[in-house]
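Q: You'll find protein01.pdb just under this line, and it carries PDB, C-alpha atoms and all ligand atoms.
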```
MODEL        1
ATOM      1  CA  VAL J   1     -49.165-108.099  38.739
ATOM      2  CA  GLU J   2     -46.069-110.305  38.765
ATOM      3  CA  GLU J   3     -43.988-107.609  37.095
ATOM      4  CA  ALA J   4     -45.295-105.027  39.573
ATOM      5  CA  ASP J   5     -44.307-107.321  42.465
ATOM      6  CA  ARG J   6     -40.803-107.771  41.110
ATOM      7  CA  ILE J   7     -40.337-104.029  40.809
ATOM      8  CA  ARG J   8     -41.690-103.491  44.322
ATOM      9  CA  GLU J   9     -39.102-105.921  45.707
ATOM     10  CA  CYS J  10     -36.193-104.699  43.585
ATOM     11  CA  ILE J  11     -33.574-102.999  45.789
ATOM     12  CA  PHE J  12     -32.583-100.649  42.972
ATOM     13  CA  CYS J  13     -36.206 -99.534  42.562
ATOM     14  CA  THR J  14     -36.979 -99.227  46.286
ATOM     15  CA  ALA J  15     -33.747 -97.549  47.460
ATOM     16  CA  PRO J  16     -34.415 -94.192  45.753
ATOM     17  CA  ARG J  17     -37.751 -93.965  47.570
ATOM     18  CA  ARG J  18     -35.970 -94.046  50.950
ATOM     19  CA  ARG J  19     -33.887 -91.375  52.672
ATOM     20  CA  ASP J  20     -30.280 -91.133  51.436
ATOM     21  CA  GLU J  21     -28.692 -92.127  54.771
ATOM     22  CA  GLU J  22     -31.063 -95.047  55.212
ATOM     23  CA  ALA J  23     -30.481 -96.453  51.713
ATOM     24  CA  LEU J  24     -26.790 -95.384  51.682
ATOM     25  CA  ILE J  25     -27.439 -93.329  48.561
ATOM     26  CA  ILE J  26     -24.446 -91.158  47.754
ATOM     27  CA  TYR J  27     -25.722 -89.129  44.839
ATOM     28  CA  ARG J  28     -28.922 -88.651  42.833
ATOM     29  CA  ALA J  29     -28.654 -87.492  39.239
ATOM     30  CA  ARG J  30     -31.502 -87.062  36.739
ATOM     31  CA  LEU J  31     -31.645 -90.607  35.323
ATOM     32  CA  SER J  32     -29.387 -92.601  37.621
ATOM     33  CA  TYR J  33     -27.875 -92.643  41.081
ATOM     34  CA  ILE J  34     -24.934 -93.874  43.168
ATOM     35  CA  MET J  35     -25.473 -96.137  46.175
ATOM     36  CA  MET J  36     -23.141 -98.031  48.487
ATOM     37  CA  ASN J  37     -23.255-101.816  48.369
ATOM     38  CA  LYS J  38     -24.477-103.123  51.762
ATOM     39  CA  TYR J  39     -22.575-106.369  51.141
ATOM     40  CA  PRO J  40     -19.340-104.872  49.828
ATOM     41  CA  TYR J  41     -16.479-106.842  48.303
ATOM     42  CA  ASN J  42     -14.156-104.200  49.686
ATOM     43  CA  THR J  43     -14.308-100.894  51.568
ATOM     44  CA  GLY J  44     -15.887 -98.182  49.433
ATOM     45  CA  HIS J  45     -17.725-100.555  47.057
ATOM     46  CA  VAL J  46     -20.374 -98.422  45.336
ATOM     47  CA  MET J  47     -22.847 -99.076  42.520
ATOM     48  CA  VAL J  48     -24.345 -96.871  39.822
ATOM     49  CA  ALA J  49     -27.846 -97.762  38.622
ATOM     50  CA  PRO J  50     -30.523 -96.198  36.441
ATOM     51  CA  TYR J  51     -33.866 -95.411  38.102
ATOM     52  CA  ARG J  52     -35.544 -97.450  35.368
ATOM     53  CA  HIS J  53     -36.044-101.164  36.009
ATOM     54  CA  VAL J  54     -34.180-102.631  33.022
ATOM     55  CA  ALA J  55     -31.998-105.737  32.971
ATOM     56  CA  SER J  56     -29.190-104.994  30.553
ATOM     57  CA  LEU J  57     -26.831-102.250  29.492
ATOM     58  CA  ALA J  58     -28.310-102.858  26.050
ATOM     59  CA  ASP J  59     -31.727-101.672  27.322
ATOM     60  CA  LEU J  60     -30.453 -98.242  28.394
ATOM     61  CA  SER J  61     -31.060 -95.058  26.458
ATOM     62  CA  ARG J  62     -28.090 -93.063  25.210
ATOM     63  CA  ASP J  63     -28.743 -90.391  27.860
ATOM     64  CA  GLU J  64     -28.729 -93.052  30.582
ATOM     65  CA  VAL J  65     -25.488 -94.565  29.271
ATOM     66  CA  VAL J  66     -23.817 -91.147  29.257
ATOM     67  CA  GLU J  67     -25.009 -90.177  32.730
ATOM     68  CA  ILE J  68     -24.122 -93.557  34.223
ATOM     69  CA  GLY J  69     -20.672 -93.261  32.642
ATOM     70  CA  VAL J  70     -20.172 -89.857  34.234
ATOM     71  CA  LEU J  71     -21.295 -91.184  37.624
ATOM     72  CA  VAL J  72     -18.809 -94.068  37.317
ATOM     73  CA  GLN J  73     -16.059 -91.520  36.614
ATOM     74  CA  ALA J  74     -17.195 -89.374  39.557
ATOM     75  CA  SER J  75     -17.176 -92.443  41.816
ATOM     76  CA  ILE J  76     -13.614 -93.291  40.799
ATOM     77  CA  LYS J  77     -12.386 -89.719  41.287
ATOM     78  CA  GLY J  78     -14.186 -89.319  44.619
ATOM     79  CA  LEU J  79     -12.979 -92.672  45.942
ATOM     80  CA  GLU J  80      -9.410 -91.814  44.904
ATOM     81  CA  LYS J  81      -9.586 -88.631  46.988
ATOM     82  CA  ALA J  82     -11.370 -90.215  49.947
ATOM     83  CA  LEU J  83      -9.651 -93.589  50.249
ATOM     84  CA  SER J  84      -6.475 -93.493  48.089
ATOM     85  CA  PRO J  85      -6.909 -96.976  46.597
ATOM     86  CA  ASP J  86      -4.223 -98.491  44.359
ATOM     87  CA  GLY J  87      -6.716 -99.545  41.688
ATOM     88  CA  PHE J  88     -10.342-100.449  40.937
ATOM     89  CA  ASN J  89     -12.503-103.226  39.618
ATOM     90  CA  VAL J  90     -15.345-101.754  37.569
ATOM     91  CA  GLY J  91     -17.880-104.086  36.059
ATOM     92  CA  VAL J  92     -21.387-105.172  35.217
ATOM     93  CA  ASN J  93     -22.824-108.651  35.645
ATOM     94  CA  ILE J  94     -25.611-109.208  33.121
ATOM     95  CA  GLY J  95     -27.765-112.221  33.893
ATOM     96  CA  ARG J  96     -27.745-114.572  36.864
ATOM     97  CA  VAL J  97     -25.338-116.926  35.117
ATOM     98  CA  ALA J  98     -22.828-114.057  35.072
ATOM     99  CA  GLY J  99     -23.146-113.608  38.835
ATOM    100  CA  ALA J 100     -25.687-110.810  39.048
ATOM    101  CA  GLY J 101     -27.333-110.849  42.490
ATOM    102  CA  PHE J 102     -30.105-108.606  41.143
ATOM    103  CA  ALA J 103     -30.238-109.599  37.506
ATOM    104  CA  GLU J 104     -33.412-107.687  36.647
ATOM    105  CA  HIS J 105     -32.021-104.203  37.285
ATOM    106  CA  VAL J 106     -28.690-103.380  35.678
ATOM    107  CA  HIS J 107     -26.013-101.745  37.845
ATOM    108  CA  VAL J 108     -22.295-100.972  37.588
ATOM    109  CA  HIS J 109     -19.987-102.033  40.426
ATOM    110  CA  ILE J 110     -17.049 -99.835  41.377
ATOM    111  CA  VAL J 111     -14.758-101.616  43.845
ATOM    112  CA  PRO J 112     -11.601 -99.933  45.189
ATOM    113  CA  ARG J 113      -8.537-102.192  45.475
ATOM    114  CA  TRP J 114      -5.415-101.907  47.595
ATOM    115  CA  LEU J 115      -2.109-103.712  47.232
ATOM    116  CA  GLY J 116      -2.350-106.762  49.461
ATOM    117  CA  ASP J 117      -6.112-106.660  50.012
ATOM    118  CA  THR J 118      -7.483-110.094  50.706
ATOM    119  CA  ASN J 119      -8.209-112.744  48.139
ATOM    120  CA  PHE J 120     -10.417-110.740  45.891
ATOM    121  CA  MET J 121     -12.910-112.757  43.840
ATOM    122  CA  PRO J 122     -15.406-110.306  42.417
ATOM    123  CA  VAL J 123     -18.214-112.742  41.734
ATOM    124  CA  ILE J 124     -17.958-115.795  43.930
ATOM    125  CA  SER J 125     -16.125-114.740  47.079
ATOM    126  CA  ASP J 126     -17.708-115.356  50.460
ATOM    127  CA  THR J 127     -14.799-113.792  52.298
ATOM    128  CA  ARG J 128     -15.551-110.138  52.477
ATOM    129  CA  VAL J 129     -13.131-108.197  54.609
ATOM    130  CA  ILE J 130     -14.663-104.960  55.754
ATOM    131  CA  PRO J 131     -12.267-103.063  57.975
ATOM    132  CA  GLN J 132     -14.538-100.063  58.402
ATOM    133  CA  ALA J 133     -18.220 -99.904  59.284
ATOM    134  CA  LEU J 134     -20.541 -99.080  56.396
ATOM    135  CA  GLU J 135     -21.842 -95.873  57.948
ATOM    136  CA  ASP J 136     -18.317 -94.586  58.581
ATOM    137  CA  THR J 137     -17.344 -95.310  55.003
ATOM    138  CA  TYR J 138     -20.537 -93.668  53.761
ATOM    139  CA  ARG J 139     -19.751 -90.477  55.653
ATOM    140  CA  SER J 140     -16.151 -90.432  54.491
ATOM    141  CA  ILE J 141     -16.781 -90.954  50.757
ATOM    142  CA  ARG J 142     -20.132 -89.261  50.128
ATOM    143  CA  GLY J 143     -18.934 -85.665  49.985
ATOM    144  CA  PHE J 144     -16.011 -86.462  47.706
ATOM    145  CA  ILE J 145     -18.083 -88.422  45.189
ATOM    146  CA  ALA J 146     -20.997 -85.962  45.233
ATOM    147  CA  GLY J 147     -18.580 -83.064  44.697
ATOM    148  CA  GLU J 148     -17.075 -84.748  41.655
ATOM    149  CA  ALA J 149     -20.503 -85.643  40.253
ATOM    150  CA  ASP J 150     -21.817 -82.084  40.690
ATOM    151  CA  ALA J 151     -18.774 -80.624  38.956
ATOM    152  CA  MET J 152     -18.845 -83.110  36.072
ATOM    153  CA  LEU J 153     -22.572 -82.908  35.396
ATOM    154  CA  LYS J 154     -22.440 -79.113  35.368
ATOM    155  CA  GLU J 155     -19.660 -79.214  32.784
ATOM    156  CA  GLY J 156     -22.276 -80.876  30.553
TER
HETATM  157 ZN    ZN G 201     -35.619-102.356  39.699
ENDMDL
END
```
Rewrite the structure of this file - the entire thing - as structure tokens.
Ligand SMILES: [Zn+2]
A:
Amino acid sequence: VEEADRIRECIFCTAPRRRDEEALIIYRARLSYIMMNKYPYNTGHVMVAPYRHVASLADLSRDEVVEIGVLVQASIKGLEKALSPDGFNVGVNIGRVAGAGFAEHVHVHIVPRWLGDTNFMPVISDTRVIPQALEDTYRSIRGFIAGEADAMLKEG
């Protein structure tokens, strides 16, 4: 029962059961999906997660690793087209001690960076400068990222 409760409360398990716009889901693939972070470290901060409730990269199947890798690439390409960032932070926090807000369900952060953006501290920062509303960002990046993901997953 405790495990079932944890899964019920897990944002990465519940988000795919909601509508895309409501959960800010950008793309759904077979084993994993892309969602915007509602508490972004920077504009365009997205996350890639498996549908399965597993804690570590080491728990993923090979197919999940491959698909998640492709979705990370698609996120980078789509964000480059949509927002023209100067760089990215891409990373995974495994375990609460490493700064994972949701340690039970592994996810990859993709955070666009611009020259001169404020004081970026990927794990501990409380200062989050969000110049654009989440919904606006969602609308402006979704098509680009989904287009890249469709093209890349079809390539096989
Ligand atoms: Zn979960």
Q: Between CA of Lys38 (chain J) and CA of Ala133 (chain J), what distance in Å does the model show, to one decimal?
A: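 CA of Lys38 (chain J) sits 10.3 Å away from CA of Ala133 (chain J).
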Q: Between J:Pro50, J:Gly147, J:Gly69, J:Gly91, which residue has the minimum interatomic distance to ligand ZN 201 (chain G), considering all atoms listed in the file?
A: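 When distances to ligand ZN 201 (chain G) are compared using all atoms listed in the file, the smallest one comes from J:Pro50.
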Q: Expanded to explicit residues, what is the PyMOL selection byres (((chain J and resi 54) around 12) and not hetatm) for this file, as a PyMOL selection string?
A: chain J and resi 3+6-7+10+12-13+49-53+55-61+64+94-95+102-107
Q: As an exercise, work out the distance from CA of Pro16 (chain J) to CA of Pro85 (chain J) in Å and give it to one decimal place.
A: 27.7 Å
Q: Around all the atoms of region 74-80 of chain J listed in the file, draw an axis-aligned box and extend it by 5 Å on each of the six sides; I want its centre and edge lengths in Å to one decimal, as AutoDock Vina command-line options.
A:
```
--center_x -13.3 --center_y -91.3 --center_z 42.7 --size_x 17.8 --size_y 14.0 --size_z 16.4
```
